[in-house]
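Pasting input00.txt here (compact mmCIF, C-alpha atoms):
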# COMPACT_ATOMS: atom_id res chain seq x y z
CA MET A 105 -29.51 11.94 9.12
CA ASN A 106 -29.36 15.73 9.09
CA ILE A 107 -25.67 16.66 9.38
CA ASN A 108 -26.40 20.39 9.65
CA LYS A 109 -28.65 19.74 12.64
CA PHE A 110 -25.83 17.76 14.24
CA TYR A 111 -23.40 20.65 13.85
CA LYS A 112 -25.98 23.06 15.34
CA ASP A 113 -26.71 20.74 18.28
CA ALA A 114 -22.99 20.20 18.87
CA LYS A 115 -22.40 23.95 18.86
CA ASP A 116 -25.33 24.54 21.25
CA SER A 117 -23.86 21.93 23.63
CA GLY A 118 -20.56 23.79 23.86
CA ILE A 119 -18.54 21.98 21.18
CA GLU A 120 -16.72 24.81 19.41
CA VAL A 121 -16.14 23.06 16.09
CA SER A 122 -16.69 19.49 14.93
CA GLU A 123 -16.18 17.14 12.00
CA VAL A 124 -17.77 13.91 10.80
CA TRP A 125 -16.13 11.21 8.72
CA PHE A 126 -18.64 8.70 7.33
CA THR A 127 -17.44 5.55 5.59
CA LYS A 128 -19.41 2.82 3.90
CA SER A 129 -17.80 -0.26 2.38
CA THR A 130 -19.10 -3.30 0.56
CA GLN A 131 -17.09 -6.50 0.21
CA PHE A 132 -17.87 -9.40 -2.14
CA ASP A 133 -15.77 -12.58 -1.99
CA ILE A 134 -15.79 -15.88 -3.86
CA SER A 135 -13.23 -18.68 -3.64
CA LEU A 136 -12.91 -22.06 -5.34
CA PHE A 137 -10.98 -25.12 -4.31
CA ARG A 138 -10.79 -28.19 -6.53
CA GLY A 139 -13.63 -26.96 -8.68
CA GLU A 140 -16.07 -26.26 -5.87
CA ILE A 141 -17.16 -22.96 -4.33
CA ASP A 142 -15.94 -23.00 -0.73
CA ASN A 143 -16.75 -19.36 0.08
CA TYR A 144 -19.36 -16.91 -1.25
CA THR A 145 -19.98 -13.88 0.93
CA SER A 146 -21.23 -10.34 0.53
CA SER A 147 -21.20 -7.77 3.32
CA THR A 148 -21.75 -4.06 3.84
CA CYS A 149 -20.66 -2.03 6.82
CA GLY A 150 -20.67 1.63 7.74
CA LYS A 151 -18.95 3.69 10.39
CA ILE A 152 -19.04 7.24 11.68
CA LEU A 153 -15.87 8.79 13.06
CA ALA A 154 -16.36 12.20 14.64
CA ARG A 155 -14.16 14.72 16.41
CA GLY A 156 -14.89 17.99 18.16
CA ILE A 157 -13.15 20.65 20.24
CA TYR A 158 -14.65 21.03 23.70
CA ASN A 159 -13.08 23.13 26.46
CA GLY A 160 -9.93 23.44 24.38
CA LYS A 161 -9.52 19.66 24.01
CA LEU A 162 -10.18 17.41 21.02
CA GLY A 163 -12.75 14.73 21.78
CA TYR A 164 -13.44 11.67 19.64
CA CYS A 165 -16.23 9.23 18.89
CA SER A 166 -16.56 6.14 16.70
CA THR A 167 -19.83 4.31 16.13
CA GLU A 168 -21.51 1.90 13.73
CA LYS A 169 -24.97 2.80 15.00
CA PHE A 170 -27.27 4.72 12.65
CA ASP A 171 -30.54 5.84 14.21
CA ARG A 172 -32.12 8.89 15.88
CA THR A 173 -29.89 8.44 18.96
CA THR A 174 -26.63 8.48 16.99
CA PHE A 175 -25.89 12.20 16.97
CA PRO A 176 -26.76 12.79 20.67
CA PHE A 177 -24.49 9.82 21.48
CA ILE A 178 -21.65 11.34 19.40
CA ILE A 179 -22.00 14.73 21.08
CA LYS A 180 -21.90 13.17 24.57
CA THR A 181 -18.93 10.95 23.71
CA ILE A 182 -16.92 13.83 22.24
CA LYS A 183 -17.47 15.87 25.41
CA ASP A 184 -16.67 12.93 27.71
CA SER A 185 -13.54 11.87 25.82
CA SER A 186 -12.19 15.41 25.61
CA SER A 187 -11.86 15.48 29.41
CA LEU A 188 -9.41 12.57 29.20
CA ILE A 189 -7.05 14.30 26.77
CA GLU A 190 -3.71 15.26 28.31
CA LYS A 191 -2.05 16.72 25.21
CA LYS A 192 -0.90 20.31 25.57
CA GLU A 193 -0.86 21.04 21.84
CA GLU A 194 -3.65 23.22 20.48
CA PRO A 195 -6.32 20.99 18.90
CA ILE A 196 -6.87 21.42 15.17
CA ILE A 197 -9.87 20.83 12.94
CA PHE A 198 -9.02 21.86 9.40
CA ARG A 199 -10.99 24.58 7.64
CA GLY A 200 -10.13 23.34 4.14
CA SER A 201 -7.54 23.67 1.38
CA PRO A 202 -7.73 26.41 -1.28
CA LYS A 203 -8.05 23.80 -4.05
CA TYR A 204 -8.87 20.11 -4.34
CA TYR A 205 -7.97 17.97 -7.36
CA LYS A 206 -11.17 15.97 -7.54
CA LYS A 207 -11.63 13.11 -9.98
CA ASN A 208 -13.96 10.12 -9.94
CA THR A 209 -12.27 6.71 -10.27
CA PHE A 210 -15.36 4.65 -9.44
CA SER A 211 -16.20 2.07 -12.10
CA GLU A 212 -19.91 1.63 -12.76
CA SER A 213 -19.13 -1.15 -15.23
CA LEU A 214 -17.51 -3.28 -12.51
CA GLU A 215 -20.66 -2.99 -10.41
CA ASN A 216 -22.67 -4.33 -13.36
CA VAL A 217 -20.63 -7.49 -13.99
CA PRO A 218 -22.90 -10.43 -13.01
CA ALA A 219 -21.76 -12.66 -10.14
CA THR A 220 -22.08 -15.66 -12.45
CA GLU A 221 -19.43 -14.16 -14.74
CA LYS A 222 -17.07 -13.67 -11.79
CA VAL A 223 -17.53 -17.29 -10.71
CA ASN A 224 -17.07 -18.47 -14.30
CA ILE A 225 -13.74 -16.69 -14.69
CA LEU A 226 -12.46 -18.49 -11.59
CA HIS A 227 -13.44 -21.87 -13.06
CA LEU A 228 -11.72 -21.00 -16.34
CA LEU A 229 -8.57 -19.87 -14.50
CA GLU A 230 -8.42 -22.99 -12.33
CA ASP A 231 -9.03 -25.39 -15.22
CA TYR A 232 -6.49 -23.68 -17.47
CA CYS A 233 -3.78 -23.74 -14.79
CA LYS A 234 -4.28 -27.50 -14.40
CA SER A 235 -4.19 -28.06 -18.17
CA LEU A 236 -0.79 -26.41 -18.65
CA ASP A 237 1.38 -29.07 -16.99
CA ASN A 238 0.76 -32.46 -15.40
CA ARG A 239 2.98 -31.47 -12.47
CA VAL A 240 0.33 -29.00 -11.32
CA THR A 241 -1.35 -30.81 -8.41
CA ASP A 242 -3.53 -28.14 -6.83
CA VAL A 243 -4.89 -24.73 -7.73
CA GLU A 244 -6.70 -22.32 -5.44
CA VAL A 245 -8.44 -19.25 -6.85
CA SER A 246 -10.48 -16.43 -5.35
CA TYR A 247 -12.19 -13.21 -6.36
CA GLY A 248 -12.60 -10.21 -4.08
CA GLU A 249 -14.38 -6.95 -4.84
CA THR A 250 -14.24 -3.88 -2.64
CA SER A 251 -16.37 -0.77 -2.98
CA GLY A 252 -15.95 2.15 -0.62
CA GLU A 253 -17.48 5.58 -0.13
CA THR A 254 -16.25 8.33 2.18
CA LEU A 255 -18.08 11.51 3.13
CA PHE A 256 -16.10 14.09 5.10
CA SER A 257 -17.51 17.34 6.45
CA ASN A 258 -17.07 19.79 9.29
CA SER A 259 -18.88 22.69 10.91
CA TYR A 260 -16.70 25.18 9.02
CA GLY A 261 -18.62 24.14 5.90
CA LEU A 262 -16.03 21.83 4.34
CA LYS A 263 -17.61 18.96 2.38
CA LEU A 264 -15.60 16.26 0.60
CA LYS A 265 -16.59 12.99 -1.04
CA SER A 266 -14.69 10.02 -2.39
CA LYS A 267 -15.92 6.82 -4.00
CA LYS A 268 -13.80 4.02 -5.42
CA ASN A 269 -13.90 0.32 -6.20
CA TYR A 270 -11.65 -2.43 -7.50
CA PHE A 271 -11.39 -6.21 -7.71
CA THR A 272 -8.63 -8.70 -7.03
CA ILE A 273 -8.14 -12.18 -8.45
CA PHE A 274 -5.82 -14.39 -6.44
CA CYS A 275 -4.37 -17.65 -7.72
CA SER A 276 -2.00 -20.05 -5.98
CA VAL A 277 -0.48 -23.05 -7.72
CA ILE A 278 1.18 -26.14 -6.24
CA VAL A 279 3.46 -28.22 -8.43
CA LYS A 280 5.11 -31.53 -7.63
CA ASP A 281 8.03 -33.29 -9.33
CA GLY A 282 9.11 -36.48 -7.65
CA ASP A 283 9.45 -35.77 -3.94
CA GLU A 284 9.74 -32.02 -4.39
CA THR A 285 6.77 -29.66 -4.01
CA LYS A 286 6.68 -25.91 -4.68
CA MET A 287 3.96 -23.30 -4.28
CA ASN A 288 3.65 -19.86 -5.83
CA TYR A 289 0.91 -17.25 -6.19
CA ASP A 290 0.02 -14.01 -7.91
CA VAL A 291 -2.66 -11.33 -7.63
CA PHE A 292 -4.32 -9.33 -10.39
CA PHE A 293 -6.16 -6.13 -9.50
CA ASP A 294 -7.98 -3.41 -11.40
CA ASN A 295 -11.45 -1.87 -11.63
CA ASP A 296 -11.93 -2.84 -15.30
CA PHE A 297 -13.03 -6.48 -15.37
CA SER A 298 -12.40 -6.74 -19.11
CA LYS A 299 -8.64 -6.29 -18.60
CA PHE A 300 -8.25 -9.68 -16.92
CA GLU A 301 -6.86 -12.27 -19.35
CA TYR A 302 -7.00 -15.55 -17.52
CA LYS A 303 -4.83 -17.55 -19.94
CA ALA A 304 -1.87 -15.16 -19.75
CA PHE A 305 -2.26 -14.85 -15.97
CA ALA A 306 -2.40 -18.64 -15.53
CA LYS A 307 0.59 -19.29 -17.76
CA SER A 308 2.69 -16.75 -15.88
CA ILE A 309 1.89 -18.31 -12.49
CA VAL A 310 2.43 -21.90 -13.63
CA ASP A 311 5.70 -21.08 -15.42
CA ASN A 312 7.02 -19.19 -12.40
CA THR A 313 6.04 -21.98 -10.03
CA LEU A 314 7.68 -24.67 -12.18
CA SER A 315 10.85 -22.57 -12.35
CA LEU A 316 11.19 -22.92 -8.56
CA LEU A 317 11.69 -26.69 -8.79
CA HIS A 318 15.14 -28.16 -8.13
CA GLY A 319 16.53 -25.02 -6.59
CA GLU A 320 20.07 -25.18 -5.27
CA ASN A 321 21.90 -23.07 -2.76
CA VAL A 322 25.10 -21.30 -3.70
CA LYS A 323 28.07 -20.38 -1.57
CA ASN A 324 27.35 -18.01 1.32
CA GLY A 325 28.77 -14.58 0.69
CA THR A 326 28.19 -11.06 -0.56
CA TYR A 327 26.56 -10.62 -3.96
CA LYS A 328 25.27 -7.97 -6.31
CA VAL A 329 21.50 -8.25 -6.52
CA VAL A 330 18.53 -7.24 -8.63
CA LEU A 331 15.41 -6.74 -6.52
CA ASN A 332 12.10 -7.12 -8.33
CA ASN A 333 9.35 -4.47 -8.04
CA GLU A 334 7.68 -5.96 -4.96
CA SER A 335 10.96 -6.45 -3.09
CA VAL A 336 11.99 -2.86 -3.82
CA SER A 337 8.64 -1.69 -2.42
CA ASN A 338 9.08 -3.62 0.82
CA LEU A 339 12.42 -1.98 1.54
CA LEU A 340 11.50 1.46 0.20
CA ASN A 341 8.51 1.74 2.53
CA ALA A 342 10.78 1.08 5.51
CA PHE A 343 13.42 3.50 4.20
CA LEU A 344 10.94 6.37 3.75
CA SER A 345 9.24 5.78 7.09
CA ASN A 346 12.17 7.83 8.37
CA ALA A 347 10.79 10.82 6.45
CA SER A 348 7.79 10.94 8.80
CA ALA A 349 7.81 14.28 10.63
CA GLU A 350 6.36 12.42 13.61
CA LYS A 351 9.49 10.25 13.83
CA VAL A 352 11.77 13.23 13.21
CA GLN A 353 10.17 15.23 16.01
CA LYS A 354 10.49 12.26 18.38
CA HIS A 355 14.22 11.98 17.46
CA SER A 356 13.77 8.41 16.21
CA SER A 357 14.54 9.04 12.53
CA LYS A 358 17.81 8.70 10.64
CA PHE A 359 16.65 11.64 8.50
CA GLU A 360 16.51 14.13 11.35
CA GLY A 361 18.28 17.30 10.21
CA LYS A 362 18.78 15.85 6.73
CA LEU A 363 16.48 18.06 4.64
CA ASP A 364 18.22 19.21 1.45
CA THR A 365 21.09 16.82 2.04
CA GLN A 366 22.12 13.61 0.30
CA ILE A 367 20.46 10.53 1.82
CA ALA A 368 20.58 8.17 -1.16
CA SER A 369 22.24 7.52 -4.50
CA LYS A 370 22.09 10.32 -7.07
CA LYS A 371 20.39 7.79 -9.34
CA LEU A 372 17.33 7.76 -7.06
CA THR A 373 14.39 10.15 -7.42
CA ILE A 374 11.21 9.38 -5.46
CA TYR A 375 7.81 11.03 -5.73
CA GLU A 376 4.60 10.64 -3.80
CA LYS A 377 1.83 10.81 -6.40
CA PRO A 378 -1.61 10.31 -4.85
CA LEU A 379 -3.20 12.02 -7.88
CA LEU A 380 -2.06 9.40 -10.40
CA ASP A 381 -4.98 8.09 -12.41
CA ASN A 382 -5.30 4.58 -10.96
CA ILE A 383 -7.49 2.72 -8.46
CA PHE A 384 -5.54 4.12 -5.50
CA ARG A 385 -6.06 7.77 -6.42
CA SER A 386 -6.92 9.95 -3.43
CA TYR A 387 -7.40 13.71 -3.39
CA PHE A 388 -7.72 14.43 0.36
CA ASP A 389 -6.20 12.92 3.49
CA ASP A 390 -7.94 11.85 6.69
CA GLU A 391 -7.91 15.41 8.07
CA GLY A 392 -9.46 16.93 4.93
CA VAL A 393 -6.18 18.36 3.60
CA ALA A 394 -5.82 18.36 -0.19
CA LYS A 395 -3.29 15.85 -1.46
CA LYS A 396 -0.72 16.87 -4.05
CA ASN A 397 1.95 15.11 -6.07
CA LYS A 398 5.36 15.98 -4.68
CA THR A 399 9.05 15.16 -4.92
CA VAL A 400 10.31 13.46 -1.78
CA VAL A 401 13.85 12.61 -2.89
CA ASP A 402 15.46 14.40 -5.84
CA LYS A 403 18.59 12.70 -7.18
CA GLY A 404 19.31 11.38 -3.70
CA ILE A 405 18.55 14.65 -1.87
CA LEU A 406 15.72 14.64 0.71
CA LYS A 407 13.32 17.45 -0.23
CA THR A 408 10.50 17.11 2.31
CA TYR A 409 9.21 15.31 5.36
CA PHE A 410 5.69 13.87 5.48
CA TYR A 411 3.42 16.02 7.67
CA ASN A 412 -0.05 15.88 9.16
CA LEU A 413 -1.62 18.98 10.74
CA GLU A 414 -0.19 18.46 14.21
CA THR A 415 3.41 17.84 13.12
CA ALA A 416 3.18 20.68 10.58
CA ALA A 417 2.10 23.09 13.32
CA LYS A 418 5.12 22.11 15.42
CA ASP A 419 7.49 22.93 12.55
CA ASN A 420 5.47 25.98 11.44
CA VAL A 421 4.92 24.56 7.94
CA GLU A 422 1.90 23.42 5.95
CA SER A 423 0.63 19.84 6.14
CA THR A 424 1.73 17.74 3.16
CA GLY A 425 -1.60 15.87 3.20
CA ASN A 426 -0.22 12.81 4.98
CA GLY A 427 -2.66 12.63 7.90
CA ALA A 428 -4.02 9.11 8.44
CA ARG A 429 -6.56 7.79 10.95
CA THR A 430 -5.67 4.90 13.25
CA GLY A 431 -8.54 4.60 15.70
CA SER A 432 -8.82 7.87 17.61
CA LYS A 433 -5.40 9.10 16.53
CA ILE A 434 -4.26 10.92 13.41
CA VAL A 435 -0.76 9.76 12.51
CA VAL A 436 1.60 10.46 9.62
CA ASP A 437 1.53 7.99 6.74
CA PHE A 438 2.35 7.91 3.03
CA SER A 439 1.37 5.92 -0.07
CA ASN A 440 1.48 6.06 -3.87
CA LEU A 441 5.28 6.19 -4.04
CA VAL A 442 6.82 6.43 -7.50
CA ILE A 443 10.48 5.93 -8.38
CA LYS A 444 11.68 7.66 -11.53
CA PRO A 445 12.47 4.76 -13.88
CA GLY A 446 15.80 4.21 -15.59
CA LYS A 447 16.45 3.07 -19.15
CA GLN A 448 17.33 -0.60 -18.70
CA THR A 449 14.96 -3.55 -18.95
CA GLU A 450 15.07 -6.09 -16.15
CA ASP A 451 17.08 -8.44 -18.40
CA GLN A 452 19.58 -5.64 -18.97
CA LEU A 453 19.89 -5.23 -15.21
CA PHE A 454 20.96 -8.89 -15.09
CA GLU A 455 23.55 -8.13 -17.77
CA THR A 456 24.76 -5.16 -15.75
CA ILE A 457 25.47 -7.17 -12.58
CA LYS A 458 26.74 -10.15 -14.65
CA ASN A 459 26.87 -12.53 -11.69
CA GLY A 460 24.72 -12.23 -8.58
CA LEU A 461 21.18 -12.80 -7.35
CA TYR A 462 17.67 -11.95 -8.52
CA ILE A 463 15.36 -11.48 -5.52
CA THR A 464 11.65 -12.14 -6.11
CA GLU A 465 10.25 -12.33 -2.58
CA LEU A 466 11.13 -11.03 0.88
CA SER A 467 9.27 -12.20 3.98
CA GLY A 468 9.39 -11.65 7.73
CA LEU A 469 9.58 -7.87 7.38
CA HIS A 470 7.95 -7.10 10.75
CA ALA A 471 10.45 -9.17 12.71
CA GLY A 472 13.44 -9.06 10.39
CA LEU A 473 13.70 -5.36 9.52
CA ASN A 474 14.46 -2.50 11.90
CA ALA A 475 13.40 0.73 10.19
CA GLU A 476 15.28 2.88 12.71
CA SER A 477 18.70 1.20 12.47
CA GLY A 478 18.06 0.10 8.90
CA ASP A 479 19.36 -3.43 9.49
CA PHE A 480 17.45 -6.31 7.92
CA SER A 481 17.76 -10.06 7.74
CA LEU A 482 14.93 -11.55 5.70
CA GLU A 483 13.91 -14.96 4.48
CA SER A 484 13.98 -14.69 0.71
CA LYS A 485 13.31 -16.41 -2.59
CA GLY A 486 14.97 -15.87 -5.92
CA TYR A 487 17.33 -17.02 -8.64
CA LEU A 488 21.00 -17.06 -9.43
CA VAL A 489 22.16 -14.58 -12.07
CA LYS A 490 24.98 -16.13 -14.11
CA ASP A 491 26.82 -14.57 -17.03
CA GLY A 492 24.21 -11.82 -17.26
CA LYS A 493 21.21 -14.18 -17.43
CA LYS A 494 18.61 -15.35 -14.95
CA ASP A 495 19.68 -18.89 -14.06
CA LYS A 496 18.48 -21.64 -11.72
CA ALA A 497 16.22 -21.12 -8.74
CA LEU A 498 17.80 -20.88 -5.32
CA GLY A 499 16.74 -22.79 -2.25
CA LEU A 500 15.35 -20.83 0.68
CA PHE A 501 17.92 -18.33 1.96
CA VAL A 502 18.37 -15.24 4.13
CA LEU A 503 19.25 -11.86 2.64
CA SER A 504 20.90 -9.33 4.96
CA GLY A 505 21.94 -5.72 4.74
CA ASN A 506 21.05 -2.18 5.75
CA ILE A 507 18.42 -0.09 3.95
CA PHE A 508 20.35 3.19 4.33
CA THR A 509 23.43 1.63 2.78
CA LEU A 510 21.32 -0.17 0.18
CA PHE A 511 19.68 2.94 -1.30
CA ASN A 512 23.10 4.60 -1.53
CA ASP A 513 24.50 1.56 -3.36
CA ILE A 514 22.33 1.59 -6.49
CA ILE A 515 23.97 0.27 -9.64
CA ALA A 516 21.07 0.89 -12.05
CA ILE A 517 17.30 1.40 -12.05
CA GLY A 518 15.05 -0.51 -14.42
CA ASN A 519 12.37 0.80 -16.77
CA ASN A 520 9.78 -1.86 -15.83
CA SER A 521 7.67 0.26 -13.46
CA LYS A 522 4.61 -1.56 -12.19
CA LEU A 523 1.58 -0.61 -10.08
CA LEU A 524 1.68 -2.74 -6.94
CA ILE A 525 -1.04 -3.80 -4.51
CA ASP A 526 0.41 -1.44 -1.86
CA SER A 527 -0.28 1.51 -4.27
CA ASN A 528 3.40 2.12 -5.16
CA VAL A 529 4.58 2.33 -8.80
CA LEU A 530 8.13 0.96 -8.85
CA PRO A 531 10.71 -0.66 -11.14
CA SER A 532 13.28 -3.36 -10.43
CA ILE A 533 16.63 -2.04 -9.17
CA ALA A 534 20.17 -3.42 -9.23
CA PHE A 535 22.17 -2.91 -6.06
CA LYS A 536 25.68 -3.50 -4.86
CA ASN A 537 26.58 -5.95 -2.14
CA LEU A 538 24.04 -7.76 0.03
CA LYS A 539 24.77 -10.79 2.19
CA TYR A 540 23.39 -14.19 1.20
CA SER A 541 23.19 -17.08 3.64
CA ALA A 542 21.58 -20.46 3.09
CA GLU A 543 22.44 -21.91 6.51
Would you mind writing the structure in this file as structure tokens?
Amino acid sequence: MNINKFYKDAKDSGIEVSEVWFTKSTQFDISLFRGEIDNYTSSTCGKILARGIYNGKLGYCSTEKFDRTTFPFIIKTIKDSSSLIEKKEEPIIFRGSPKYYKKNTFSESLENVPATEKVNILHLLEDYCKSLDNRVTDVEVSYGETSGETLFSNSYGLKLKSKKNYFTIFCSVIVKDGDETKMNYDVFFDNDFSKFEYKAFAKSIVDNTLSLLHGENVKNGTYKVVLNNESVSNLLNAFLSNASAEKVQKHSSKFEGKLDTQIASKKLTIYEKPLLDNIFRSYFDDEGVAKKNKTVVDKGILKTYFYNLETAAKDNVESTGNGARTGSKIVVDFSNLVIKPGKQTEDQLFETIKNGLYITELSGLHAGLNAESGDFSLESKGYLVKDGKKDKALGLFVLSGNIFTLFNDIIAIGNNSKLLIDSNVLPSIAFKNLKYSAE
């Protein structure tokens, strides 16, 4: 399809300026259960998202149709939808940033790994998990591979392109000892297939699952805790959602009026680093604004809000490259958070709190955490920390507290930073008092 012809036709029809966002994604999935393939699928889909300013309003169109009628349909839909817009703000289509930090993270080698090799690694992983301990009763494994390409352009002449891919290997293990059954899982992800070592991955999952057996509850009360990387990420995302300029401008953020003031412990420094060299690297946002690495919290002091173009215009500042598409809307979002690591290993964090809890999983975040008030009460899994060592597993329990208090009550930050599936790079952290309840 001739994009330049589209822009000319759109202009001739009265659309002042327009943009087109084309995405194409391919998904490949395999799963095994008890040695048999129970799913093998491959799919490709594409979508065009377009916006244009017509009669001073910003119209929108989304379509998965690709033929000679597509562009006329987009032009008509933009004009029709613009008449329904009631916003008074001046519509914005971005001309482009002065500089973009482009880098290709797409792995050609991953594309060339035969499907038979991907299936084989799942068989090896499943068989090895079962061989490690006779208490392993069931193993479920799956492989997923995602490849995506984005082309962004507008009638100002801006042209941007992004292409990335990665794979995930998921493994869940069920163990049984007597009448007690426990399940655990883990996910490996990368875009270099050669980095996956199935024996080490299997041993880690099986050992962790076995360690959950015979868990006991301890006395309800308030404890010092060490949160593992994933648990820190869950709470940090909720904490920093208050740095959204959209929330601030709607007066629904605890960080309103808090720029350049202390919002967290002096031990805490947080960056957003979308330009880190990993599979989640991204150099432009969904409005075409160049992304940059930036300090969000510096030794506990809030240094910036997250802005898209609309919220930036309201505050008369530049967008921070945090525009994100959700359907026809552009909202404010963030990713690729990095906490400056400390000097202690995770085991040394246990020594620091001496007696307390080690939290390995938090669940029920949508219902059990209020990002505005900061209060949370979450079903959790973990271990007792006794005399500075990780001790026995705990039965299912509820962990309660407040995220604004929590990030002010940091005892120490670990040095075990890890890239997580949500794109954050975070260490374990030891905190002061959180409430534990097993009833």
| query | When you draw a straight line from CA of Leu255 (chain A) to CA of Gly150 (chain A), how long is it in Å? | reply |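 Computing the Euclidean distance for CA of Leu255 (chain A) and CA of Gly150 (chain A) yields 11.2 Å.
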| query | Skipping near chain neighbours, those fewer than 6 positions away, what residues fall within 10 Å of Asp381 (chain A) using all atoms listed in the file, listed as a count of residues only? | reply | 3
| message | Can you pull out the residues contacting Glu414 (chain A)? Cut-off 9 Å, using all atoms listed in the file, and skip same-chain residues under 4 positions away; I want them as a ChimeraX atom specification. | response | /A:193-196,350,418,423,427,434-435
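When all atoms listed in the file are used to compute distances to Ser432 (chain A), the closest of the residues A:Glu465, A:Asp419, A:Asp364, A:Asp390 turns out to be A:Asp390.
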Would you place a box with edges along x, y and z of the file around all atoms of region 512-515 of chain A listed there, add 6 Å to each of its six sides, and report the centre and edge lengths in Å to one decimal, as AutoDock Vina command-line options?
--center_x 23.4 --center_y 2.4 --center_z -5.6 --size_x 14.2 --size_y 16.3 --size_z 20.1
| request: Identify which of the residues A:Ser521, A:Glu168, A:Tyr204, A:Val502 lies closest to Phe388 (chain A), counting only C-alpha atoms when measuring atom-to-atom distances. | output: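 Going through A:Ser521, A:Glu168, A:Tyr204, A:Val502 one by one, the smallest distance to Phe388 (chain A) is for A:Tyr204.
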| field | Atomic distance CA of Ser369 (chain A) - CA of Leu406 (chain A), expressed in Å with one decimal | value |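 Distance reported for this atom pair: 11.0 Å.
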| Closest to Ser147 (chain A) among A:Asp116, A:Asp389, A:Asp133, A:Asp513, using only C-alpha atoms? |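 Result for the nearest residue to Ser147 (chain A): A:Asp133.
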| What lies within 6 Å of Asn459 (chain A) using only C-alpha atoms, ignoring chain neighbours under 3 positions off, as a PyMOL selection string? | chain A and resi 489-491
| Residues near Ser481 (chain A), cut-off 6 Å, all atoms listed in the file, skip fewer than 5 positions along chain, as an MDAnalysis selection string | chainID A and resid 472 503:504
Could you save the residues just selected, with C-alpha atoms, as an mmCIF file, keeping the file's coordinate frame?
data_model
loop_
_atom_site.group_PDB
_atom_site.id
_atom_site.type_symbol
_atom_site.label_atom_id
_atom_site.label_comp_id
_atom_site.auth_asym_id
_atom_site.auth_seq_id
_atom_site.Cartn_x
_atom_site.Cartn_y
_atom_site.Cartn_z
ATOM 1 C CA GLY A 472 13.440 -9.060 10.390
ATOM 2 C CA LEU A 503 19.250 -11.860 2.640
ATOM 3 C CA SER A 504 20.900 -9.330 4.960
#
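When CA of Ser135 (chain A) is paired with CA of Ser335 (chain A), their separation reads 27.1 Å.
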Would you mind listing what lies within 9 Å of region 308-324 of chain A as a compact mmCIF listing (two decimals) with C-alpha atoms, in the frame of the given file, with all atoms listed in the file counted and same-chain residues fewer than 4 positions away left out?
# COMPACT_ATOMS: atom_id res chain seq x y z
CA CYS A 233 -3.78 -23.74 -14.79
CA LYS A 234 -4.28 -27.50 -14.40
CA LEU A 236 -0.79 -26.41 -18.65
CA ASP A 237 1.38 -29.07 -16.99
CA ARG A 239 2.98 -31.47 -12.47
CA VAL A 240 0.33 -29.00 -11.32
CA CYS A 275 -4.37 -17.65 -7.72
CA SER A 276 -2.00 -20.05 -5.98
CA VAL A 277 -0.48 -23.05 -7.72
CA ILE A 278 1.18 -26.14 -6.24
CA VAL A 279 3.46 -28.22 -8.43
CA LYS A 280 5.11 -31.53 -7.63
CA ASP A 281 8.03 -33.29 -9.33
CA GLU A 284 9.74 -32.02 -4.39
CA THR A 285 6.77 -29.66 -4.01
CA LYS A 286 6.68 -25.91 -4.68
CA MET A 287 3.96 -23.30 -4.28
CA ASN A 288 3.65 -19.86 -5.83
CA TYR A 289 0.91 -17.25 -6.19
CA ASP A 290 0.02 -14.01 -7.91
CA LYS A 303 -4.83 -17.55 -19.94
CA ALA A 304 -1.87 -15.16 -19.75
CA GLY A 486 14.97 -15.87 -5.92
CA TYR A 487 17.33 -17.02 -8.64
CA LEU A 488 21.00 -17.06 -9.43
CA LYS A 496 18.48 -21.64 -11.72
CA ALA A 497 16.22 -21.12 -8.74
CA LEU A 498 17.80 -20.88 -5.32
CA GLY A 499 16.74 -22.79 -2.25
CA LEU A 500 15.35 -20.83 0.68
CA PHE A 501 17.92 -18.33 1.96
CA LYS A 539 24.77 -10.79 2.19
CA TYR A 540 23.39 -14.19 1.20
CA SER A 541 23.19 -17.08 3.64
CA ALA A 542 21.58 -20.46 3.09
CA GLU A 543 22.44 -21.91 6.51
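Here the question is which of A:Ser357, A:Gly518, A:Gln366, A:Leu214 gets nearest to Asp294 (chain A) using only C-alpha atoms, and that residue is A:Leu214.
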| request: Please write as a PyMOL selection string the list of polymer residues whose atoms come within 8 Å of (4.4, 8.3, 11.8), counting only C-alpha atoms and keeping to the coordinates of the file. | output: chain A and resi 345+348-351+435-437
Could I get the residues of region 429-451 of chain A with an atom no further than 9 Å from an atom of region 336-341 of chain A, each paired with its nearest atom pair and that distance in Å to one decimal, using only C-alpha atoms, sorted by chain and residue number, as JSON lines?
{"residue": "A:Phe438", "atom": "CA", "partner": "A:Asn341", "partner_atom": "CA", "distance": 8.7}
{"residue": "A:Ser439", "atom": "CA", "partner": "A:Asn341", "partner_atom": "CA", "distance": 8.7}
{"residue": "A:Leu441", "atom": "CA", "partner": "A:Asn341", "partner_atom": "CA", "distance": 8.6}
| request: Find the residue from A:Leu473, A:Ala534, A:Ile383, A:Ile197 that sits nearest to Leu331 (chain A); use all atoms listed in the file when measuring. | output: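 Looking only at the distances to Leu331 (chain A), the closest residue turns out to be A:Ala534.
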| said: Using all atoms listed in the file and a cutoff of 12 Å, can you tell me which residues are near (-5.4, -1.1, -10.3) in the file's coordinates, and write them out as a PyMOL selection string? | reply: chain A and resi 209-211+268-273+291-297+299-300+380-385+440+522-529
| note | Shortest contact to Glu253 (chain A), candidates A:Asn426, A:Thr148, A:Gln452, A:Thr220, atoms counted all atoms listed in the file, goes to A:Thr148
